[in-house]
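Here the structure comes first, spelled out in structure tokens, and everything after it is commentary.
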Amino acid sequence: MRTLLILIFSVFVFSSNAQFKWPKGSKAAVVFTYDDGLDCHLDVAVPQLNKYGLRGTFFCTGNSPSLYNRTDEWRAITKQGHELGNHTLFHPCDGTGQDWVKPEYDLRTYTPEQIVAELKTANTLLKAIDGKTERTFGYTCSNYVAGGVDFTDLVKNIFMAARCDGPIPETMDGYEIWKTPSYMSADPDIKDLISLVEKAKNMGTIVVFMFHSVGGGYLNTAADVHEQLLQYVSDNRDDLYSDSFINVMKYIKENR
């Protein structure tokens, strides 16, 4: 009896500490996301992603000039497996210490009802482009408070998942798909990006990259650095599961 109890206890401890079961025996997940709907996403990021057979999620603002001027191209990339995510209409952010935030787009003066209306309208716009009714959201500036109220619970009623910022999770237990942590890339060294992938792999969890400009612009990631990261993930496909943000979040939700 004592031996049986020890065996049961050992199985329980092993199971509770077991690595999250990623598809096909992968050791971790890697997700590539891109903010603001920029021309460089179509010109640089998408061709590089396609070259390595990888998929990205593009969180587009409704007032993006690129989204307006190149609508057909944005529609075309969704047919290639890439995702268009909601990034609001006007990119409102908390203006504290950020002079570039216009007063009318300062989340401190928004109401929760106002941000919800903006998100729903942005969803209508994106549906007109890709025809999809299920969507994810990228918090602008990773802010989730409007008029002093945390609107995360309202986001849960509109989106399948939502991306925020934050460190790589040490465990998938309690992973919050409506505030998924991500790493914001800004003038990174390729070694630093690869080290993040390796950290997620060692812990059996996930790394979500948040890119803005690729190949020149604000919060930039050099085109060659971006491609080297994609190649690294592609070369390690046996260990790394990579897909669009929405597909990875669905997998997590269904396989907790």
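Identifiers in the structure tokens: chain A, B, ... in order shown; residue index from 1 per chain; ligand index from 1 in order shown.
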Exercise. Which neighbours of segment 100-111 of chain A fall inside 6 Å, counting only C-alpha atoms, when residues of the same chain fewer than 6 positions from it are skipped, and could you give them as a list in words?
Worked result: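 Non-adjacent residues within range: Pro92, Cys93, Asp94, Ala146 and Gly147 of chain A.
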Selection file, N, CA and C atoms, as a PDB file, in the first residue's frame:
```pdb
ATOM      1  N   PRO A  92      -5.875  55.463 -29.292  1.00  0.00           N
ATOM      2  CA  PRO A  92      -5.850  56.228 -28.042  1.00  0.00           C
ATOM      3  C   PRO A  92      -4.922  55.573 -27.022  1.00  0.00           C
ATOM      4  N   CYS A  93      -4.222  56.409 -26.261  1.00  0.00           N
ATOM      5  CA  CYS A  93      -3.309  55.911 -25.219  1.00  0.00           C
ATOM      6  C   CYS A  93      -3.411  56.806 -23.993  1.00  0.00           C
ATOM      7  N   ASP A  94      -2.943  56.306 -22.886  1.00  0.00           N
ATOM      8  CA  ASP A  94      -2.815  57.134 -21.692  1.00  0.00           C
ATOM      9  C   ASP A  94      -1.750  58.187 -21.984  1.00  0.00           C
ATOM     10  N   ALA A 146      -9.511  53.070 -19.246  1.00  0.00           N
ATOM     11  CA  ALA A 146     -10.127  54.226 -19.892  1.00  0.00           C
ATOM     12  C   ALA A 146     -10.940  54.989 -18.858  1.00  0.00           C
ATOM     13  N   GLY A 147     -10.619  56.267 -18.687  1.00  0.00           N
ATOM     14  CA  GLY A 147     -11.343  57.067 -17.703  1.00  0.00           C
ATOM     15  C   GLY A 147     -11.237  56.496 -16.305  1.00  0.00           C
TER      16      GLY A 147
END
```
Problem set entry | Nearest residue to Asp173 of chain A from the set A:Ala222, A:Leu89, A:Ile252, A:Ala76 (distances using only C-alpha atoms) |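 Using only C-alpha atoms, the shortest distance to Asp173 of chain A belongs to A:Ile252.
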For this session: Would you mind reading off the distance between atom CA of Glu83 of chain A and atom CA of Asp192 of chain A, one decimal, in Å?
Result: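 Going from atom CA of Glu83 of chain A over to atom CA of Asp192 of chain A, I get 25.8 Å.
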Segment 100-179 of chain A near segment 201-204 of chain A within 10 Å: what's each residue's closest atom pair and its distance in Å to one decimal, counting only C-alpha atoms, ordered by chain then ascending residue number, as CSV?
```
residue,atom,partner,partner_atom,distance
A:Ile168,CA,A:Met203,CA,9.2
A:Pro169,CA,A:Met203,CA,8.2
A:Glu170,CA,A:Met203,CA,6.0
A:Thr171,CA,A:Met203,CA,6.9
A:Met172,CA,A:Gly204,CA,8.1
```
Problem set entry | Nearby residues (only C-alpha atoms) at most 8 Å from Met184 of chain A, same-chain spacing under 5 positions excluded, as a PyMOL selection string | chain A and resi 165+209-211
Now that the selection is made, can you save its residues with N, CA and C atoms as a PDB file, in the first residue's frame?
```
ATOM      1  N   ASP A 165       1.627  43.882 -22.908  1.00  0.00           N
ATOM      2  CA  ASP A 165       3.070  43.710 -22.850  1.00  0.00           C
ATOM      3  C   ASP A 165       3.417  42.974 -21.561  1.00  0.00           C
ATOM      4  N   PHE A 209       6.175  38.343 -29.881  1.00  0.00           N
ATOM      5  CA  PHE A 209       6.931  39.523 -30.272  1.00  0.00           C
ATOM      6  C   PHE A 209       5.977  40.622 -30.736  1.00  0.00           C
ATOM      7  N   MET A 210       6.242  41.842 -30.287  1.00  0.00           N
ATOM      8  CA  MET A 210       5.484  43.016 -30.710  1.00  0.00           C
ATOM      9  C   MET A 210       6.410  43.909 -31.537  1.00  0.00           C
ATOM     10  N   PHE A 211       6.202  43.917 -32.838  1.00  0.00           N
ATOM     11  CA  PHE A 211       6.990  44.770 -33.729  1.00  0.00           C
ATOM     12  C   PHE A 211       6.178  45.991 -34.135  1.00  0.00           C
TER      13      PHE A 211
END
```
For this session: Determine the nearest neighbour of Val145 of chain A from the options A:Val225, A:Leu230, A:Val116, A:Ala29, counting only C-alpha atoms.
Result: A:Val116
For this session: Have a look at A:Leu229, A:Leu240, A:Met249, A:Val214 and name the one nearest to Val44 of chain A; count only C-alpha atoms.
Result: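 Ranking A:Leu229, A:Leu240, A:Met249, A:Val214 by distance to Val44 of chain A, first place goes to A:Val214.
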Problem set entry | Residue contacts of Cys40 of chain A (10 Å, only C-alpha atoms) excluding same-chain residues fewer than 2 positions away, as a PyMOL selection string | chain A and resi 37-38+42-46+66+212-217+223
For C-alpha atoms, I'd like the residues from the last selection saved as an mmCIF file, in the first residue's frame.
```cif
data_model
loop_
_atom_site.group_PDB
_atom_site.id
_atom_site.type_symbol
_atom_site.label_atom_id
_atom_site.label_comp_id
_atom_site.auth_asym_id
_atom_site.auth_seq_id
_atom_site.Cartn_x
_atom_site.Cartn_y
_atom_site.Cartn_z
ATOM 1 C CA GLY A 37 -0.817 48.784 -40.079
ATOM 2 C CA LEU A 38 2.329 50.187 -41.756
ATOM 3 C CA LEU A 42 3.424 44.744 -46.521
ATOM 4 C CA ASP A 43 6.770 45.585 -48.118
ATOM 5 C CA VAL A 44 9.185 43.867 -45.705
ATOM 6 C CA ALA A 45 7.574 41.816 -42.936
ATOM 7 C CA VAL A 46 5.057 39.833 -44.983
ATOM 8 C CA SER A 66 -1.652 52.137 -45.478
ATOM 9 C CA HIS A 212 6.275 48.214 -35.110
ATOM 10 C CA SER A 213 8.468 49.391 -37.988
ATOM 11 C CA VAL A 214 10.506 46.762 -39.803
ATOM 12 C CA GLY A 215 13.290 48.025 -42.014
ATOM 13 C CA GLY A 216 13.168 51.696 -40.961
ATOM 14 C CA GLY A 217 10.882 53.941 -38.918
ATOM 15 C CA ALA A 223 15.061 44.135 -41.796
#
```
Exercise. What separation in Å, quoted to one decimal, exists between atom CA of Arg75 of chain A and atom CA of Tyr144 of chain A?
Worked result: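 Taking atom CA of Arg75 of chain A and atom CA of Tyr144 of chain A, their separation equals 28.2 Å.
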Exercise. Hey, which of A:Lys51, A:Val197, A:Thr205, A:Ser244 ends up closest to Trp22 of chain A? Count only C-alpha atoms.
Worked result: A:Thr205
Problem set entry | Interatomic distance, atom CA of Thr61 of chain A to atom CA of His87 of chain A (Å, one decimal) | 4.8 Å
